[in-house]
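Worksheet: the structure to be examined is printed underneath.
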Amino acid sequence: MNFSLTEEHQMIRDAARDFAQTELLPGVIERDEKQLFPSEQIKKLGQLGFLGMMVDPKYGGAGMDTISYVLAMEELSKVDASTSVVVSVNNSLVCWGLEKYGTEEQKQKYLVPLAQGQIIGAFCLSEPEAGSDATSQKTTAVDMGDHYLLNGTKNWITNGNSASVYLVIAQTDPEKGHRGINALIVEKGMPGFEVGLKENKLGIRGSDTHSLLFTDVKVPKENRIGEEGFGFKFAMKTLSGGRIGIAAQALGIASQALGIASGAYELSLEYSKQRKAFGKAIHEHQAVAFKLADMATKIEAARLLVMKAAWLKDQGQNYDKASAMAKLYASEVAMEATVEAVQIHGGYGFVKEYHVERLMRDAKITQIYEGTSEIQRIVIARAVLDEASAIA
Ligand code: COS
């Protein structure tokens with residue numbers, strides 16, 4: 001067992017950290033307040049290879065491993081989770097699924113520009129009445145011979161307006177239940193496809209989250225990913241990897257807020273050294289020191305879970321349970337840590353300049369998207385029960 005990072009991993013982490021400090025930090029408060037999408041920053045991240053990190057270089061990617069991706073996600077999320085969610089969706093929900101299950105033509109046409117960061121993608125599963133209960137898809141993709149006729153609405157879609165390529169999950173044969181669901185590649189500009197309202201959100205306000213409307217959109221058969229009826233499993237497999245990215249995002253949010261685990265960028269620790277109360281720095285008060293100690297311990301535990309999930313994925317082993325555990329725990333720690341960070345900062349924590357109130361608002365979504373904490377518990381419970389019955 002080896003807990004140290006390789007030289008290459010350290011270089012990637014440092015590059016992401018530099019980018020976050022120089023390109024994301026300036027303007028992060030304004031982008032949050034005004035809900036501005038970080039277009040320029042995403043363009044630069046694409047040029048640096050951060051949008052197709054794990055994609056094979058022959059398809060325009062950077063050919064890195066999942067651990068590199070986790071390190072980059074963590075560093076970017078320490079400063080700007082609105083930007084890191086775009087990176088996460090493009091890498092793990094869009095590029096990964098296309099590379100793993102797409103045809104050669106689909107890879108050449110869509111994956112290459114996505115991995116190079118020339119365009120970005122979106123993953124469209126959630127609907128007004130189907131979030132956690134993902135098999136209950138109301139969006140339909142009726143088989144018309146050489147194409148599918150797509151009708152329905154998708155909700156809360158990250159990169160909703162800024163994407164050019166959308167992976168849309170839809171029901172083709174309701175009688176077959178989840179085995180009748182397909183995953184289709186839809187391009188912006190296809191007749192009948194409209195981007196709907198932009199959501200006014202609590203957190204990650206710089207990312208653009210929209211509803212999408214499909215009215216008799218003709219999607220060519222060659223745009224289906226995988227075999228007929230593979231769409232639900234495609235979504236589950238893709239989300240399983242996506243959850244590692246969100247867990248890393250949560251870790252970044254938490255460690256920026258308390259800044260303990262990484263030993264750097266420690267907002268609360270820094271603040272607690274500078275701020276004095278009752279004649280001494282507040283971290284000398286046990287009430288604050290114990291908060292810092294608890295958070296440091298939990299962040300470290302979360303990091304080990306995230307790294308283990310990434311490592312399993314890189315080893316080609318099953319990571320469904322590990323990614324659910326990582327996301328569940330890291331997102332709960334992110335929420336707890338950011339609430340405590342605001343508390344440590346007191347009145348300063350409640351105003352925007354000190355960043356921690358934004359991190360607290362950003363942390364909340366990590367317990368909801370790509371599967372709520374309750375869904376992660378379902379996935380974990382099923383896995384441990386399966387393991388138990390396999391042993392018995
Ligand atoms: N990989 C591959 N296949 C999977 C899978 C995975 N990780 N998870 C489930 N499946 C398969 C099952 O094996 C089953 O196939 P078979 O019937 O052929 O065996 C099929 O998918 C249906 O699975 P299941 O019966 O477990 O479906 P449920 O309706 O009980 O739901 C959960 C399963 C709850 C795990 C699923 O609906 C889920 O993950 N929901 C959350 C979705 C989500 O993350 N939404 C957020 C929006 S995206 S930002």
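By convention in this document, the chains of the structure tokens carry letters A, B, ... by their order, each chain's residues are numbered from 1, and ligands are numbered from 1 in the order they are shown.
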Could you name the residues that touch stretch 315-318 of chain A at 10 Å or less, counting only C-alpha atoms, but leaving out those on the same chain fewer than 4 positions away, as a PDB file with C-alpha atoms, in the first residue's frame?
ATOM      1  CA  ASP A  65      -6.101   8.241 -14.714  1.00  0.00           C
ATOM      2  CA  THR A  66      -9.036   8.754 -12.366  1.00  0.00           C
ATOM      3  CA  SER A 240     -21.308   5.501 -10.878  1.00  0.00           C
ATOM      4  CA  ALA A 309     -13.014   4.561  -5.479  1.00  0.00           C
ATOM      5  CA  ALA A 310     -10.751   6.240  -8.064  1.00  0.00           C
ATOM      6  CA  TRP A 311      -8.106   3.565  -7.586  1.00  0.00           C
ATOM      7  CA  ALA A 322     -17.041   2.517  -3.418  1.00  0.00           C
ATOM      8  CA  SER A 323     -18.186   5.520  -5.455  1.00  0.00           C
TER       9      SER A 323
END
Pick out the residues sitting within 12 Å of A:Lys298, and hand them over as a list in words; count only C-alpha atoms, and ignore anything fewer than 6 positions along from it in its own chain. Leu251, Ala254, Ser255, Leu258, Ile260, Ala261, Lys291, Leu292, Leu304, Leu305, Ala326, Tyr329, Ala330, Ser331, Glu332, Val333, Ala334, Met335, Glu336 and Ala337 of chain A
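Every residue having at least one atom no farther than 6 Å from ligand 1 is included below, with only C-alpha atoms and all ligand atoms taken into account: Leu125, Ser126, Gly131, Ser132, Asp133, Ala134, Thr135, Lys233, Met236, Lys237, Ser240, Asp320, Tyr369, Glu370, Gly371, Ile375 and Val379 of chain A.
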Expected file contents, prior selection, N, CA and C atoms, as an mmCIF file, in the first residue's frame:
data_model
loop_
_atom_site.group_PDB
_atom_site.id
_atom_site.type_symbol
_atom_site.label_atom_id
_atom_site.label_comp_id
_atom_site.auth_asym_id
_atom_site.auth_seq_id
_atom_site.Cartn_x
_atom_site.Cartn_y
_atom_site.Cartn_z
ATOM 1 N N LEU A 125 -30.878 13.073 -17.597
ATOM 2 C CA LEU A 125 -31.659 11.963 -17.050
ATOM 3 C C LEU A 125 -32.866 12.486 -16.273
ATOM 4 N N SER A 126 -32.655 13.482 -15.409
ATOM 5 C CA SER A 126 -33.719 13.950 -14.511
ATOM 6 C C SER A 126 -34.876 14.578 -15.265
ATOM 7 N N GLY A 131 -36.391 11.783 -10.737
ATOM 8 C CA GLY A 131 -35.040 12.165 -10.328
ATOM 9 C C GLY A 131 -34.369 10.935 -9.755
ATOM 10 N N SER A 132 -34.738 10.630 -8.502
ATOM 11 C CA SER A 132 -34.193 9.423 -7.858
ATOM 12 C C SER A 132 -34.767 8.167 -8.501
ATOM 13 N N ASP A 133 -36.075 8.214 -8.804
ATOM 14 C CA ASP A 133 -36.747 7.057 -9.408
ATOM 15 C C ASP A 133 -36.504 7.097 -10.925
ATOM 16 N N ALA A 134 -35.253 6.793 -11.280
ATOM 17 C CA ALA A 134 -34.806 7.060 -12.648
ATOM 18 C C ALA A 134 -35.414 6.142 -13.708
ATOM 19 N N THR A 135 -35.995 5.016 -13.306
ATOM 20 C CA THR A 135 -36.599 4.146 -14.331
ATOM 21 C C THR A 135 -37.933 4.712 -14.841
ATOM 22 N N LYS A 233 -28.983 1.191 -18.169
ATOM 23 C CA LYS A 233 -27.706 0.702 -17.634
ATOM 24 C C LYS A 233 -26.577 1.668 -17.981
ATOM 25 N N MET A 236 -26.760 4.326 -15.379
ATOM 26 C CA MET A 236 -26.282 3.859 -14.067
ATOM 27 C C MET A 236 -24.763 3.737 -14.038
ATOM 28 N N LYS A 237 -24.222 3.147 -15.100
ATOM 29 C CA LYS A 237 -22.765 2.975 -15.175
ATOM 30 C C LYS A 237 -22.073 4.341 -15.179
ATOM 31 N N SER A 240 -22.186 6.123 -11.872
ATOM 32 C CA SER A 240 -21.308 5.501 -10.878
ATOM 33 C C SER A 240 -19.924 6.164 -10.893
ATOM 34 N N ASP A 320 -18.898 0.502 -7.979
ATOM 35 C CA ASP A 320 -20.239 1.041 -7.709
ATOM 36 C C ASP A 320 -20.443 1.356 -6.224
ATOM 37 N N TYR A 369 -27.204 16.132 -6.224
ATOM 38 C CA TYR A 369 -27.088 15.709 -7.632
ATOM 39 C C TYR A 369 -26.248 14.447 -7.828
ATOM 40 N N GLU A 370 -26.455 13.846 -8.999
ATOM 41 C CA GLU A 370 -25.863 12.536 -9.345
ATOM 42 C C GLU A 370 -26.206 11.482 -8.285
ATOM 43 N N GLY A 371 -27.424 11.609 -7.759
ATOM 44 C CA GLY A 371 -27.932 10.664 -6.752
ATOM 45 C C GLY A 371 -27.858 11.275 -5.365
ATOM 46 N N ILE A 375 -30.196 7.897 -2.111
ATOM 47 C CA ILE A 375 -29.930 6.943 -3.202
ATOM 48 C C ILE A 375 -28.591 6.240 -2.971
ATOM 49 N N VAL A 379 -27.852 2.181 -2.831
ATOM 50 C CA VAL A 379 -26.827 1.462 -3.612
ATOM 51 C C VAL A 379 -25.888 0.698 -2.665
#
Using only C-alpha atoms, the residue out of A:Leu25, A:Ile225, A:Met1, A:Ala301 with shortest distance to A:Glu99 is A:Ile225
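Of the residues under consideration (A:Ser39, A:Gln171, A:Asn161, A:Thr140), A:Ser39 shows the shortest atom-to-atom contact distance to A:Gln118 when counting only C-alpha atoms.
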Write out as a PyMOL selection string which residues come within 9 Å of A:Glu357 when counting only C-alpha atoms, dropping same-chain ones fewer than 4 positions away.
chain A and resi 338-339+341-342+349-353+361-362
- Hey, what does DSSP flag as strand (DSSP E) within stretch 77-241 of chain A? Can you give it to me as an NGL selection string? :A and (121-124 or 140-143 or 147-158 or 165-171 or 181-187 or 193-198 or 209-220)
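For A:Val94, the list of residues within 7 Å, based on only C-alpha atoms and with local chain neighbours fewer than 4 positions off taken out, reads Val89, Asn90, Leu98, Gly121, Ala122 and Phe123 of chain A.
Closest approach to A:Lys364 among A:Asp146, A:Ala81, A:Leu213, A:Asn151 is made by A:Ala81 (distances from only C-alpha atoms).
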**Message:** Give me, as a ChimeraX atom specification, the residues of stretch 256-383 of chain A that a backbone DSSP run labels helix (DSSP H, G or I).
**Reply:** /A:256-258,267-274,282-284,286-314,320-350,352-354,356-366,373-383
